[in-house]
Structure formats: C-alpha cells, structure tokens
Amino acid sequence: MNQTSQNKNIGISGLAAYIPPYRVWLEDWCGWTDSQWPKIREVVGRSFRVRGPDQSVYTMAATAVMRLIEQYDVDPTQIKFLGLGTESSTDNSAGAIIVKGMIDRALIARGKAPIARSCEVPEFKHACLGGVYGMKGAIRHLALDGAGGQAIVVCADIAEYARGSSGAPTQGAGAVAMLLEEDPKLAIVDLPASGSASDYRIMDFRKPMSRFCGQSRAETHQVQDFPVFNGKYSTTCYIDETLHALNDMYTKRGINAAEYMRSLRTVFMHRPYRRMPETGWAISYLFGLSQGDAEDRAELASYCYEAGIDAAALHSEMISTPDVAQLANAEQLQFEVYPLTMAVHKVFRASRRYRREILDKLALGSDTMLDLGNLYTAALPAWMAAGFEQALDEDSLAAGEEVLTLGYGSGDAAEVIPFFMAEGWREATAAIRFSEAMDFTIDLNADQYAALHDGRRVNGLDYVPRDEFVIDRVGVADERHFSDMGIEYYKYVS
C-alpha cells in the first residue's frame, strides 16, 4: 500500500447521509406509466426518492454535514476544507460557502462554535464524479497546507428526468457527507495507487443552462433540472472510461488485471441504476482475462465458444482504440463500440463464475441501493455507507483489506481508487447510521408524484421537517437599490 508524498495515511473517518422521505415505488410507477415492472426491477431497482417542495441541493447537503458533525462529535473549528460535489447546484457564483453559512448559523444558534473562518470552500463539478474530485482535493489539502486539520466533502444531488423519458425510473435525491483526516478511522484512501481517465464525449449526458430559462418558482421553491442525455451512448461511455481508468491503475501498480480482480472481495462503483455497475465490472473482467495467463485466456475462450465468437477476433477488438467521441451524432449514437465483447458478455452473465466474480463482489450494500435510485455524485459514497454497514452486521471486512472504488462522471471521466480498511473501521461504521437516514418514508401516489415532480403544490403530504434545513423563501426583489431575485433563504428546523 502506497502513502502520500508526505508519508501520511489520509482517508475517511466518517460518513453521514440525508435522504428525503418522499418515495416512489417503481412497481407503482410502472402501473402509472404502463411500463414493464419485471424489466424495471431487474435493470433499475425497487424505488427512488424525490426531493421535497422546500428542499434543494443546498438544504440536503447542509443537513448531511450537520449530521456528520453531530454523529462523529466533530470540532467545527478544526474543519479547514469544506468541499461540495454536485451537478445540481442552482447558483453559478457561490457553492460550498452556502452550505458553510447554513451550518455556521445553526451551530451558533445552538451555542456552539462555527466552522473555522480559515476554511476553504470549493465546489467541484464534473457530472457524477464531482464528489470524488472533491475527496481527492481534500486529501491533497490535508497532505500539504491543511496538514493537521480536518476536511469535509459533501456529495449532494437531485437526479430528475422529464416524465415519460427513458431516464424517468432512474431518478433520486440525497446527500452524503464524508469526514477526512490523517490517521483515518474508517478507510485509508490510496491516491498514489489510483487510476484516472478522461475524454470529451460531447453529448452523452449534459445540462446546458438554456434549460433553466423562463422557469417559474411561483408555486414551489423547486427548479427543474432535466438533463439532455442519450442512454445507449452513455452506457458505452461508462464502460469505455472504466476500462481506461482501470488500465491506468494496473500500469501504475504493475499488477495483473485478472489476478487482481479475482483477489478483491468488495467493489463499489458509480451506480446510476442496478445493471450499470454489474455490466461495467463484468466487461472489465473479460478484458482482464484477455490480458491474463493461459488459464485466463482459456476461460475467455470458453465464453467465446458458447457465443459463437472467434477468440482472435475478440482479442483484436479488445486491443483496439475506438474513438467513442466520433459516435456523438444522430446517425451513430446507437452503435455498439465493443459488439463482440457484448455478445460474449451475454454468455458470461449466464455462467456460474458470474456470481462469484461479479455479483458477489458488488454485493455489500447493493440491496439497500435498490431503494435509493440515482444520487449522481452521492451514489458512490451512499453505496459505500450502505456496504460498510452491512459488512459490520456480517463481520465481512477486515482491517487492512483492500476495497476498490470507481467513480464516473459523464462527459467523460473516471477515477479508480483503492481504499484500505482502517483498524477502527467498525467503530466508525457504527456511527454512519445510513439505514436510519432511510427509515422514515412517505409513499407518493401518482398525482402527488406528478405535482412534486413538476414543481406544483402538492396535497396530502403530511410531513413536518425536523432536524433539517429547508428553504424558507426565495427572493423576488429586482430593484436598483436592492436585488435578491432567485436567492434562497434557509432555516434549520429543530
């Protein structure tokens, strides 16, 4: 295991989450939309969450940070870095400072010290990868000029799609905050051994600001944030960038891909929906076999035989360097960049090894994630939080054990980062309380979901906020002497 250039072990000491209570069961949603429940259940999950009428990415982020401070008894004056990873921010000037301001006022109201005035407050944006970039930035800060302090990175997002679109069942909302420091209690983050990849893909998933023009907030405080996306192409980008990031890590560490992948017991990946990480890890495993020893290549050849694919042709496809960006046009978006590999993948999915090498390694926390939907930047840390809690219940991780994480952001970039479980991971995990954050739910009917989704007033939502931040009001003044048009004012409800 490598260490930072300053010879320090730096990583995560705690996690805390805020998940909005408003829940949509996907089986119900299928009935409302005349969709196929068996397919949705297999590919997507069971349910997703929707943000409330008085919630925004900032209220969820601040609530998660407040919980982190309380659950881990953090001294706010020691926090010298507060990063916000999100792709749902609605202010193009301020970012994490909004969260800091909310936390400071709530702490002072309780008679406690606010976060350090010398705290840095960056916002990180790169689709779903912003939180991972924030974590890397925090670790670099702690290794250099922020040595001796603590850092918090909060990943918060609202994943919403137009009703009737193919992305609609993959919605979600929530926030996860991470406490980072030297000699971490939960997991050491090994940045020198990580792998990176990035390539501009033009249109797999974008959020041009023109979508916001003319939106009214007269009825509720919501701003709708529907992306421009191309689902099939996005899957291609995810797989391709995952392969490149893994190869970068293999090269840095001088390891055999197939041998390394088999050695792992636990993997957490960016999870927009159930099937995506399964496919990404499975394709990576097949590519690993192609680079392995004779036994590995024989295993791959057996899948080729069942699929009726020539092994030599598959190898040629795997060592090719397709230009995925060239597919970003209306004529080629549906083109399969690795057609032979995907054909072999279908056979692999039906094999006995698939459960052992793919599903079992993605198992920790996966059942919980079926009820979260897509949390964008918060999807990976949410899965980690759920997974660590399950590992604590089952005693299925060990101090010093490597856990691999893979973050991904459309547009297009990926980060593969090894974590090593700390000696005190059990005590740190006991304070996460992720399952508790998901406990309280309000199940929406079709009319309530439609109204909440569309930014209209909702009838029958019997929910009183408690111990969380909400939007109190939104400014409307646009005068020469005073203007607060669109600025959100917040309050903490005890």
# chains A, B, ... in the order shown; residues from 1 in each chain; ligands from 1
>>> residues_around(residues="range 427-432 of chain A", least_positions_apart="2", cutoff="10 Å", atoms="only C-alpha atoms", output="PyMOL selection string")
chain A and resi 12-17+67-68+70-72+178+184-187+385-393+422-425+434-437
>>> write_last_selection(atoms="N, CA and C atoms", output="CSV table (one decimal), in the first residue's frame")
chain,number,residue,atom,x,y,z
A,12,ILE,N,-10.8,8.5,5.1
A,12,ILE,CA,-12.2,8.8,5.6
A,12,ILE,C,-12.3,8.3,7.0
A,13,SER,N,-12.9,9.1,7.9
A,13,SER,CA,-13.1,8.7,9.2
A,13,SER,C,-14.6,8.6,9.5
A,14,GLY,N,-15.5,9.1,8.7
A,14,GLY,CA,-16.9,9.0,8.9
A,14,GLY,C,-17.7,9.4,7.7
A,15,LEU,N,-19.0,8.9,7.7
A,15,LEU,CA,-20.0,9.2,6.7
A,15,LEU,C,-21.3,9.5,7.3
A,16,ALA,N,-22.1,10.4,6.7
A,16,ALA,CA,-23.4,10.7,7.2
A,16,ALA,C,-24.3,11.1,6.0
A,17,ALA,N,-25.6,10.8,6.1
A,17,ALA,CA,-26.4,11.0,4.9
A,17,ALA,C,-27.7,11.7,5.3
A,67,ARG,N,-25.4,16.4,10.3
A,67,ARG,CA,-25.4,15.1,10.9
A,67,ARG,C,-24.0,14.5,11.1
A,68,LEU,N,-23.1,14.7,10.1
A,68,LEU,CA,-21.8,14.3,10.2
A,68,LEU,C,-21.1,14.9,11.5
A,70,GLU,N,-22.4,16.0,14.2
A,70,GLU,CA,-23.0,15.5,15.4
A,70,GLU,C,-22.7,14.1,15.7
A,71,GLN,N,-22.8,13.3,14.6
A,71,GLN,CA,-22.6,11.8,14.8
A,71,GLN,C,-21.2,11.4,15.1
A,72,TYR,N,-20.2,12.3,14.7
A,72,TYR,CA,-18.8,12.0,14.9
A,72,TYR,C,-18.2,13.0,15.9
A,178,MET,N,-18.7,13.3,3.9
A,178,MET,CA,-17.5,12.5,4.3
A,178,MET,C,-16.6,13.3,5.2
A,184,PRO,N,-7.0,8.0,9.5
A,184,PRO,CA,-8.4,7.9,9.4
A,184,PRO,C,-8.9,6.7,10.2
A,185,LYS,N,-10.2,6.8,10.6
A,185,LYS,CA,-10.8,5.7,11.4
A,185,LYS,C,-11.5,4.7,10.6
A,186,LEU,N,-12.0,5.1,9.4
A,186,LEU,CA,-12.8,4.2,8.6
A,186,LEU,C,-12.0,3.5,7.5
A,187,ALA,N,-11.3,4.3,6.6
A,187,ALA,CA,-10.6,3.7,5.5
A,187,ALA,C,-9.5,4.7,5.0
A,385,ALA,N,-21.5,3.7,2.2
A,385,ALA,CA,-22.1,3.8,3.5
A,385,ALA,C,-23.0,2.5,3.8
A,386,ALA,N,-23.8,2.2,2.8
A,386,ALA,CA,-24.7,1.0,3.0
A,386,ALA,C,-23.8,-0.3,3.1
A,387,GLY,N,-22.8,-0.3,2.2
A,387,GLY,CA,-22.0,-1.5,2.2
A,387,GLY,C,-21.2,-1.7,3.5
A,388,PHE,N,-20.6,-0.6,4.1
A,388,PHE,CA,-19.9,-0.7,5.3
A,388,PHE,C,-20.8,-1.2,6.5
A,389,GLU,N,-22.1,-0.7,6.5
A,389,GLU,CA,-23.0,-1.1,7.5
A,389,GLU,C,-23.3,-2.6,7.4
A,390,GLN,N,-23.5,-3.1,6.2
A,390,GLN,CA,-23.8,-4.5,6.0
A,390,GLN,C,-22.6,-5.3,6.4
A,391,ALA,N,-21.4,-4.8,6.1
A,391,ALA,CA,-20.2,-5.5,6.5
A,391,ALA,C,-20.0,-5.6,8.0
A,392,LEU,N,-20.4,-4.5,8.7
A,392,LEU,CA,-20.4,-4.5,10.1
A,392,LEU,C,-21.3,-5.5,10.7
A,393,ASP,N,-22.5,-5.6,10.1
A,393,ASP,CA,-23.5,-6.6,10.6
A,393,ASP,C,-23.0,-8.0,10.4
A,422,ALA,N,-9.4,0.7,7.8
A,422,ALA,CA,-8.6,1.1,9.0
A,422,ALA,C,-8.9,0.2,10.1
A,423,GLU,N,-8.0,0.3,11.1
A,423,GLU,CA,-8.2,-0.6,12.3
A,423,GLU,C,-9.5,-0.3,13.0
A,424,GLY,N,-9.9,1.0,13.0
A,424,GLY,CA,-11.1,1.3,13.8
A,424,GLY,C,-12.4,1.4,12.9
A,425,TRP,N,-12.4,0.7,11.8
A,425,TRP,CA,-13.5,0.8,10.8
A,425,TRP,C,-14.8,0.4,11.4
A,434,PHE,N,-26.7,5.0,8.3
A,434,PHE,CA,-27.3,5.2,6.9
A,434,PHE,C,-28.7,4.6,6.9
A,435,SER,N,-28.8,3.4,7.4
A,435,SER,CA,-30.1,2.8,7.4
A,435,SER,C,-31.2,3.6,8.1
A,436,GLU,N,-30.7,4.3,9.2
A,436,GLU,CA,-31.6,5.2,9.9
A,436,GLU,C,-32.0,6.4,9.1
A,437,ALA,N,-31.1,6.9,8.2
A,437,ALA,CA,-31.4,8.0,7.3
A,437,ALA,C,-32.4,7.7,6.3
>>> closest_atom_pairs(of="range 154-215 of chain A", to="range 408-421 of chain A", cutoff="12 Å", atoms="only C-alpha atoms", output="JSON lines")
{"residue": "A:Asp183", "atom": "CA", "partner": "A:Met421", "partner_atom": "CA", "distance": 11.5}
{"residue": "A:Pro184", "atom": "CA", "partner": "A:Met421", "partner_atom": "CA", "distance": 9.3}
{"residue": "A:Lys185", "atom": "CA", "partner": "A:Met421", "partner_atom": "CA", "distance": 8.5}
{"residue": "A:Leu186", "atom": "CA", "partner": "A:Met421", "partner_atom": "CA", "distance": 6.2}
{"residue": "A:Ala187", "atom": "CA", "partner": "A:Met421", "partner_atom": "CA", "distance": 4.4}
{"residue": "A:Ile188", "atom": "CA", "partner": "A:Phe420", "partner_atom": "CA", "distance": 5.1}
{"residue": "A:Val189", "atom": "CA", "partner": "A:Phe419", "partner_atom": "CA", "distance": 4.7}
{"residue": "A:Asp190", "atom": "CA", "partner": "A:Pro418", "partner_atom": "CA", "distance": 5.6}
{"residue": "A:Leu191", "atom": "CA", "partner": "A:Ile417", "partner_atom": "CA", "distance": 6.4}
{"residue": "A:Pro192", "atom": "CA", "partner": "A:Ile417", "partner_atom": "CA", "distance": 8.9}
{"residue": "A:Ala193", "atom": "CA", "partner": "A:Pro418", "partner_atom": "CA", "distance": 6.9}
{"residue": "A:Ser194", "atom": "CA", "partner": "A:Ile417", "partner_atom": "CA", "distance": 4.5}
{"residue": "A:Gly195", "atom": "CA", "partner": "A:Val416", "partner_atom": "CA", "distance": 4.9}
{"residue": "A:Ser196", "atom": "CA", "partner": "A:Glu415", "partner_atom": "CA", "distance": 4.7}
{"residue": "A:Ala197", "atom": "CA", "partner": "A:Ala414", "partner_atom": "CA", "distance": 5.3}
{"residue": "A:Ser198", "atom": "CA", "partner": "A:Ala413", "partner_atom": "CA", "distance": 4.0}
{"residue": "A:Asp199", "atom": "CA", "partner": "A:Asp412", "partner_atom": "CA", "distance": 5.3}
{"residue": "A:Tyr200", "atom": "CA", "partner": "A:Asp412", "partner_atom": "CA", "distance": 5.5}
{"residue": "A:Arg201", "atom": "CA", "partner": "A:Gly411", "partner_atom": "CA", "distance": 5.3}
{"residue": "A:Ile202", "atom": "CA", "partner": "A:Gly411", "partner_atom": "CA", "distance": 6.5}
{"residue": "A:Met203", "atom": "CA", "partner": "A:Gly411", "partner_atom": "CA", "distance": 7.1}
{"residue": "A:Asp204", "atom": "CA", "partner": "A:Gly411", "partner_atom": "CA", "distance": 6.5}
{"residue": "A:Phe205", "atom": "CA", "partner": "A:Ser410", "partner_atom": "CA", "distance": 5.8}
{"residue": "A:Arg206", "atom": "CA", "partner": "A:Gly411", "partner_atom": "CA", "distance": 7.3}
{"residue": "A:Lys207", "atom": "CA", "partner": "A:Gly411", "partner_atom": "CA", "distance": 10.4}
>>> residues_around(residues="range 298-302 of chain A", least_positions_apart="3", cutoff="6 Å", atoms="only C-alpha atoms", output="ChimeraX atom specification")
/A:295,305,311
>>> write_last_selection(atoms="C-alpha atoms", output="compact mmCIF listing (two decimals), in the first residue's frame")
# COMPACT_ATOMS: atom_id res chain seq x y z
CA GLU A 295 -5.76 -20.27 -17.85
CA TYR A 305 -17.12 -20.78 -27.98
CA ALA A 311 -11.41 -15.66 -29.85
>>> closest_residue(among="A:Val267, A:Ile442, A:Cys119, A:Ala343", to="Leu364 in chain A", atoms="only C-alpha atoms")
A:Val267
>>> closest_residue(among="A:Arg456, A:Lys491, A:Tyr260, A:Thr235", to="Val99 in chain A", atoms="only C-alpha atoms")
A:Lys491
